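> Following this message is one structure expressed as structure tokens.
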Amino acid sequence: MEYAILGGGALGLTAGLRLAQRGERVTVYEREPVAGGLAAGFQIDDAWLEKFYHHLFRSDRAMQRLIAELGLADRLRWPRPRTVTLWQGDTYLLDSPLAFLRFPPLRPPARVRQAAVMGALRYGPPRLFEGKLAAPWVRRWMGEEPYRIIWEPLLRNKFGAASEEIALPWLWARLHDRSTELGYLRGGFQAVYDRLVERIRALGGEVCLGTTVERIAAAPDGDGRLTVATDRGARPFDRVISTLPPRLLCRLAPELPDAYRERYDWGRAYGAHCLILALDRPLTDAYWINVNDPGYPFLALVEHTNYMPPGDYGGRRLIYLGNYRPMDDPLFRQSKEEVLAEFLPHLARINPAFSPAWVTESWMFAAPYAQPIVTLDYKEHIPPFETPIANLYEASMFQVYPHDRGQNYSVLLAEELVERLTGAA
Ligand SMILES: Cc1cc2nc3c(=O)[nH]c(=O)nc-3n(C[C@H](O)[C@H](O)[C@H](O)COP(=O)(O)OP(=O)(O)OC[C@H]3O[C@@H](n4cnc5c(N)ncnc54)[C@H](O)[C@@H]3O)c2cc1C
């Protein structure tokens with residue numbers, strides 16, 4: 001069989017490798033010049049740094065298996081970096097149940113109640129939490145104070161105006177999947193994606209980088225094949241797998257019927273935005289700072305070089321200032337200079353010694369459809385792999401539920417779909 005795969009991120013490339021390993025002919029189309037999708041990096045000296053901060057949890061076993069299979073396990077590190085929460089100008093460690101029990105901004109009875117409820121949420125079966133909203137549930141069971149100080153900022157930072165609408169199973173998964181040790185591939189996750197490309201090519205597959213798919217339609221000869229039209233020409237395939245968000249697939253495949261569109265061309269997603277700074281000295285002693293104080297223009301400050309050695313990046317201290325925002329937010333239209341002017345003054349609130357003169361380089365990245373808004377009815381709108389168009393399949397991170405999307409879940413989806421398509425055990 002001849003397969004086209006739309007998208008060269010974790011999902012598309014894993015699907016491409018698994019199909020090629022089973023003797024199928026594969027062509028992967030990726031719009032960007034570099035493979036890896038949302039997990040792709042950019043080069044700093046000999047290392048690659050993700051455009052958006054990335055790490056693994058211990059529970060991300062499929063991704064760890066893939067890394068080992070690609071011969072990269074010796075680069076995987078599991079430090080326990082400091083992940084803290086900024087509240088009323090101070091930072092507090094909040095990376096373990098014990099840390100929550102010691103969290104000074106909460107009164108001791110509130111801490112105990114919160115820890116007990118968190119335990120129930122983390123270890124309880126997910127079906128207990130289906131059909132419930134996260135925000136009112138947390139307020140009711142953990143109390144108003146923990147909600148205001150910890151959980152409301154977390155939900156607001158990730159989901160903005162939609163924070164009251166988020167399904168409780170998403171929060172369950174968020175707690176359930178976490179580990180205090182965080183996994184990172186020295187030199188960047190880009191190595192995974194570059195190796196996937198190499199392996200697919202070595203097995204006779206094609207990976208067309210810098211190639212945008214513009215349309216999918218029935219091939220003119222009516223033999224059940226589909227034509228994939230790209231900005232570099234059109235070709236027929238026996239089967240097409242789209243790893244793009246369902247909304248984008250609906251735009252590319254005009255023959256998808258209205259009933260499918262009504263159900264699956266649905267919901268909201270936020271875009272991701274990261275300003276990355278290289279400093280000539282450290283800013284903080286933490287890897288990850290959840291910014292729970294109001295008034296900051298970013299939701300997280302991630303000092304990557306408090307996690308990986310600065311020596312990997314020529315001695316630079318690297319800091320992400322990250323945001324999720326609606327895709328029409330003005331932030332996505334601002335120039336890097338405008339964003340620097342807005343963001344930098346806030347760093348002195350975190351480290352009063354900070355001076356803009358510490359910044360030696362900066363980069364800015366944005367991506368649409370980076371964070372699905374997991375509302376109560378999200379589950380009802382997750383498309384199946386099969387679409388109403390014969391031989392057209394959809395497998396995307398928008399099908400990940402209730403877990404937060406991540407490389408691991410894209411690998412799992414790819415493997416599940418390929419097993420289904422090839423009938424492999
Ligand atoms: C800010 C941020 C932080 C994250 N942190 C983590 C983390 O710590 N750990 C973790 O595991 N995951 C993290 N993730 C999530 C992780 O990056 C994604 O879950 C994963 O990379 C999704 O892979 P994918 O292949 O399913 O989708 P994508 O990576 O979105 O791949 C889809 C691909 O399709 C391409 N494409 C789109 N349209 C077209 C077209 N018309 N023609 C051709 N190609 C097209 C895109 O360029 C893209 O490469 C994070 C994501 C973000 C945004």
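Each chain in the structure tokens gets a letter, A, B, ..., in the order shown, and its residues are numbered from 1; ligands are numbered from 1 in order too.
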Show me which residues are within 8 Å of ligand 1 counting only C-alpha atoms and all ligand atoms, and format the list as a PyMOL selection string.
chain A and resi 6-13+29-32+35-40+52-57+60+210-214+230+243-245+248+252+271-274+322-324+367+369-371+395-398+404-411
> With only C-alpha atoms counted and 9 Å as the cut-off, give the residues of range 242-318 of chain A in contact with range 144-153 of chain A, each with its shortest interatomic distance in Å and the pair that gives it, as a Markdown table.

```
| residue | atom | partner | partner_atom | distance |
| --- | --- | --- | --- | --- |
| A:Asn290 | CA | A:Pro153 | CA | 8.7 |
| A:Val291 | CA | A:Pro153 | CA | 7.9 |
| A:Asn292 | CA | A:Pro153 | CA | 5.3 |
| A:Asp293 | CA | A:Pro153 | CA | 8.0 |
| A:Pro294 | CA | A:Pro153 | CA | 8.6 |
| A:Leu299 | CA | A:Pro153 | CA | 8.8 |
```
> Please return, as JSON, numbers by chain, all residues of range 180-377 of chain A that DSSP assigns to strand (DSSP E or B) on the basis of the backbone.
{"A": [183, 184, 185, 206, 207, 208, 213, 214, 215, 216, 217, 218, 226, 227, 228, 229, 230, 233, 234, 235, 236, 237, 239, 240, 241, 242, 269, 270, 271, 272, 273, 274, 275, 276, 277, 278, 279, 288, 289, 290, 291, 300, 301, 302, 303, 317, 318, 319, 320, 321, 322, 323, 324, 325, 326, 359, 360, 361, 362, 363, 364, 365, 366, 367, 368, 369, 370, 371, 372, 375]}
> Can you write just those residues out, C-alpha atoms, as a compact mmCIF listing (two decimals), in the first residue's frame?

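The result, written out as result10.txt:
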```
# COMPACT_ATOMS: atom_id res chain seq x y z
CA GLY A 183 13.29 13.63 31.42
CA TYR A 184 15.27 15.53 28.81
CA LEU A 185 17.32 14.43 25.84
CA GLU A 206 10.07 9.75 1.64
CA VAL A 207 9.94 12.68 4.02
CA CYS A 208 9.18 15.92 2.18
CA VAL A 213 -0.47 20.06 1.76
CA GLU A 214 -3.21 22.16 0.18
CA ARG A 215 -5.98 19.70 -0.63
CA ILE A 216 -7.06 16.07 -0.37
CA ALA A 217 -9.64 14.81 -2.85
CA ALA A 218 -10.78 11.61 -4.54
CA LEU A 226 -6.94 9.91 -2.88
CA THR A 227 -4.95 12.72 -4.42
CA VAL A 228 -2.78 14.79 -2.11
CA ALA A 229 -2.13 18.22 -3.62
CA THR A 230 0.82 20.14 -2.20
CA GLY A 233 2.56 19.10 -7.03
CA ALA A 234 -0.10 16.40 -6.64
CA ARG A 235 0.13 12.60 -6.24
CA PRO A 236 -2.37 9.79 -5.71
CA PHE A 237 -2.13 7.47 -2.67
CA ARG A 239 -4.39 5.76 1.98
CA VAL A 240 -3.92 9.17 3.60
CA ILE A 241 -3.33 9.80 7.31
CA SER A 242 -3.78 13.36 8.53
CA ALA A 269 -7.75 25.80 20.73
CA TYR A 270 -5.13 28.27 21.90
CA GLY A 271 -1.90 29.15 20.23
CA ALA A 272 1.45 28.93 22.02
CA HIS A 273 3.95 31.77 22.22
CA CYS A 274 7.48 31.72 23.61
CA LEU A 275 10.01 34.49 23.92
CA ILE A 276 13.42 32.91 24.54
CA LEU A 277 16.24 34.90 26.07
CA ALA A 278 19.94 34.10 26.30
CA LEU A 279 21.45 35.81 29.34
CA TRP A 288 10.20 26.19 36.18
CA ILE A 289 8.30 29.10 37.72
CA ASN A 290 4.50 29.02 37.54
CA VAL A 291 3.59 32.69 37.57
CA ALA A 300 5.60 30.59 33.02
CA LEU A 301 9.28 31.38 33.27
CA VAL A 302 11.34 28.34 32.36
CA GLU A 303 15.07 28.64 32.98
CA ARG A 317 21.67 30.96 30.27
CA LEU A 318 18.45 30.22 28.44
CA ILE A 319 15.03 31.37 29.57
CA TYR A 320 11.60 30.80 28.08
CA LEU A 321 8.78 33.25 28.80
CA GLY A 322 5.73 31.30 27.73
CA ASN A 323 2.07 31.94 27.01
CA TYR A 324 -1.04 30.23 25.70
CA ARG A 325 -3.46 32.71 24.15
CA PRO A 326 -6.47 32.73 21.80
CA VAL A 359 20.27 39.73 27.51
CA THR A 360 22.70 38.73 24.79
CA GLU A 361 20.31 37.12 22.28
CA SER A 362 16.59 36.50 21.91
CA TRP A 363 14.24 34.44 19.76
CA MET A 364 10.47 34.36 19.47
CA PHE A 365 8.23 31.48 18.34
CA ALA A 366 4.50 31.03 17.97
CA ALA A 367 2.33 28.10 16.90
CA PRO A 368 -1.42 27.89 16.27
CA TYR A 369 -3.58 24.96 17.53
CA ALA A 370 -1.09 24.23 20.31
CA GLN A 371 -3.48 23.66 23.22
CA PRO A 372 -6.96 22.21 22.83
CA THR A 375 -14.25 21.50 27.97
```
> Find the distance between CA of Ser59 in chain A and CA of Glu181 in chain A and write it in Å to one decimal.
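Separation of CA of Ser59 in chain A and CA of Glu181 in chain A: 10.6 Å.
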> Report as JSON lines: every residue of range 210-311 of chain A with an atom at most 9 Å from range 344-357 of chain A, its closest pair of atoms, and their distance in Å to one decimal, counting only C-alpha atoms, with rows sorted by chain and ascending residue number.

```
{"residue": "A:Leu279", "atom": "CA", "partner": "A:Ala357", "partner_atom": "CA", "distance": 8.6}
{"residue": "A:Asp280", "atom": "CA", "partner": "A:Ala357", "partner_atom": "CA", "distance": 8.8}
{"residue": "A:Leu283", "atom": "CA", "partner": "A:Asn351", "partner_atom": "CA", "distance": 6.5}
{"residue": "A:Thr284", "atom": "CA", "partner": "A:Asn351", "partner_atom": "CA", "distance": 7.0}
{"residue": "A:Gly295", "atom": "CA", "partner": "A:His346", "partner_atom": "CA", "distance": 9.0}
{"residue": "A:Tyr296", "atom": "CA", "partner": "A:His346", "partner_atom": "CA", "distance": 6.7}
{"residue": "A:Pro297", "atom": "CA", "partner": "A:His346", "partner_atom": "CA", "distance": 8.0}
```
> Emit the selected residues as a PDB file, in the first residue's frame, including N, CA and C atoms.

```pdb
ATOM      1  N   LEU A 279      20.862  34.838  28.412  1.00  0.00           N
ATOM      2  CA  LEU A 279      21.451  35.812  29.344  1.00  0.00           C
ATOM      3  C   LEU A 279      22.915  35.458  29.582  1.00  0.00           C
ATOM      4  N   ASP A 280      23.668  36.442  30.059  1.00  0.00           N
ATOM      5  CA  ASP A 280      25.086  36.159  30.345  1.00  0.00           C
ATOM      6  C   ASP A 280      25.274  35.678  31.786  1.00  0.00           C
ATOM      7  N   LEU A 283      19.269  33.905  36.025  1.00  0.00           N
ATOM      8  CA  LEU A 283      18.256  34.838  36.540  1.00  0.00           C
ATOM      9  C   LEU A 283      17.707  34.339  37.869  1.00  0.00           C
ATOM     10  N   THR A 284      17.457  33.012  37.961  1.00  0.00           N
ATOM     11  CA  THR A 284      16.870  32.435  39.182  1.00  0.00           C
ATOM     12  C   THR A 284      17.608  31.138  39.485  1.00  0.00           C
ATOM     13  N   GLY A 295      -0.631  40.275  36.903  1.00  0.00           N
ATOM     14  CA  GLY A 295       0.069  41.429  36.337  1.00  0.00           C
ATOM     15  C   GLY A 295       1.281  41.100  35.486  1.00  0.00           C
ATOM     16  N   TYR A 296       1.629  39.825  35.379  1.00  0.00           N
ATOM     17  CA  TYR A 296       2.751  39.458  34.512  1.00  0.00           C
ATOM     18  C   TYR A 296       2.226  39.188  33.095  1.00  0.00           C
ATOM     19  N   PRO A 297       3.015  39.516  32.072  1.00  0.00           N
ATOM     20  CA  PRO A 297       2.539  39.251  30.703  1.00  0.00           C
ATOM     21  C   PRO A 297       2.880  37.838  30.232  1.00  0.00           C
TER      22      PRO A 297
END
```
> As a VMD selection string, please: the residues near Ile44 in chain A (cut-off 10 Å, only C-alpha atoms, same-chain neighbours under 3 positions excluded).
chain A and resid 41 47 to 49 187 312 to 314 316
> For the selection you just gave me, I'd like the residues written to a file as a PDB file, in the first residue's frame, keeping N, CA and C atoms.

```pdb
ATOM      1  N   GLY A  41      13.067  21.962  17.322  1.00  0.00           N
ATOM      2  CA  GLY A  41      13.986  22.912  17.941  1.00  0.00           C
ATOM      3  C   GLY A  41      14.639  23.833  16.928  1.00  0.00           C
ATOM      4  N   ALA A  47      23.988  22.302  19.819  1.00  0.00           N
ATOM      5  CA  ALA A  47      22.779  21.741  20.435  1.00  0.00           C
ATOM      6  C   ALA A  47      21.534  22.296  19.750  1.00  0.00           C
ATOM      7  N   TRP A  48      20.421  21.623  19.995  1.00  0.00           N
ATOM      8  CA  TRP A  48      19.133  22.126  19.538  1.00  0.00           C
ATOM      9  C   TRP A  48      18.307  22.436  20.775  1.00  0.00           C
ATOM     10  N   LEU A  49      17.628  23.557  20.741  1.00  0.00           N
ATOM     11  CA  LEU A  49      16.737  23.911  21.843  1.00  0.00           C
ATOM     12  C   LEU A  49      15.322  23.935  21.292  1.00  0.00           C
ATOM     13  N   GLY A 187      21.033  17.733  24.338  1.00  0.00           N
ATOM     14  CA  GLY A 187      21.238  18.140  22.941  1.00  0.00           C
ATOM     15  C   GLY A 187      19.928  18.408  22.217  1.00  0.00           C
ATOM     16  N   ASP A 312      26.183  23.134  27.497  1.00  0.00           N
ATOM     17  CA  ASP A 312      25.618  22.545  26.271  1.00  0.00           C
ATOM     18  C   ASP A 312      25.272  23.632  25.251  1.00  0.00           C
ATOM     19  N   TYR A 313      25.183  24.872  25.728  1.00  0.00           N
ATOM     20  CA  TYR A 313      24.730  25.978  24.862  1.00  0.00           C
ATOM     21  C   TYR A 313      25.762  27.105  24.874  1.00  0.00           C
ATOM     22  N   GLY A 314      27.021  26.724  24.885  1.00  0.00           N
ATOM     23  CA  GLY A 314      28.099  27.725  24.824  1.00  0.00           C
ATOM     24  C   GLY A 314      28.106  28.655  26.031  1.00  0.00           C
ATOM     25  N   ARG A 316      25.579  29.946  27.523  1.00  0.00           N
ATOM     26  CA  ARG A 316      24.400  30.834  27.605  1.00  0.00           C
ATOM     27  C   ARG A 316      23.446  30.349  28.696  1.00  0.00           C
TER      28      ARG A 316
END
```
> Identify which of the residues A:Gln64, A:Asp238, A:Thr180, A:Ser163 lies closest to Leu94 in chain A, counting only C-alpha atoms when measuring atom-to-atom distances.
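Looking only at the distances to Leu94 in chain A, the closest residue turns out to be A:Thr180.
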> What does the structure give for the distance between CA of Lys158 in chain A and CA of Lys51 in chain A, in Å to one decimal?
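So the answer is 17.7 Å.
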> For CA of Arg201 in chain A and CA of Pro220 in chain A, determine how far apart the two atoms are, in Å to one decimal place.
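Taking CA of Arg201 in chain A and CA of Pro220 in chain A, their separation equals 29.0 Å.
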> May I ask which of the residues A:Pro125, A:Leu412, A:Ser335, A:Pro282 is the closest one to Gly315 in chain A, counting only C-alpha atoms?
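When distances to Gly315 in chain A are compared using only C-alpha atoms, the smallest one comes from A:Pro282.
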> Go through range 9-63 of chain A and collect every residue that DSSP, computed from the backbone, puts in alpha helix (DSSP H); the answer should be as a PyMOL selection string.
chain A and resi 10-21+61-63
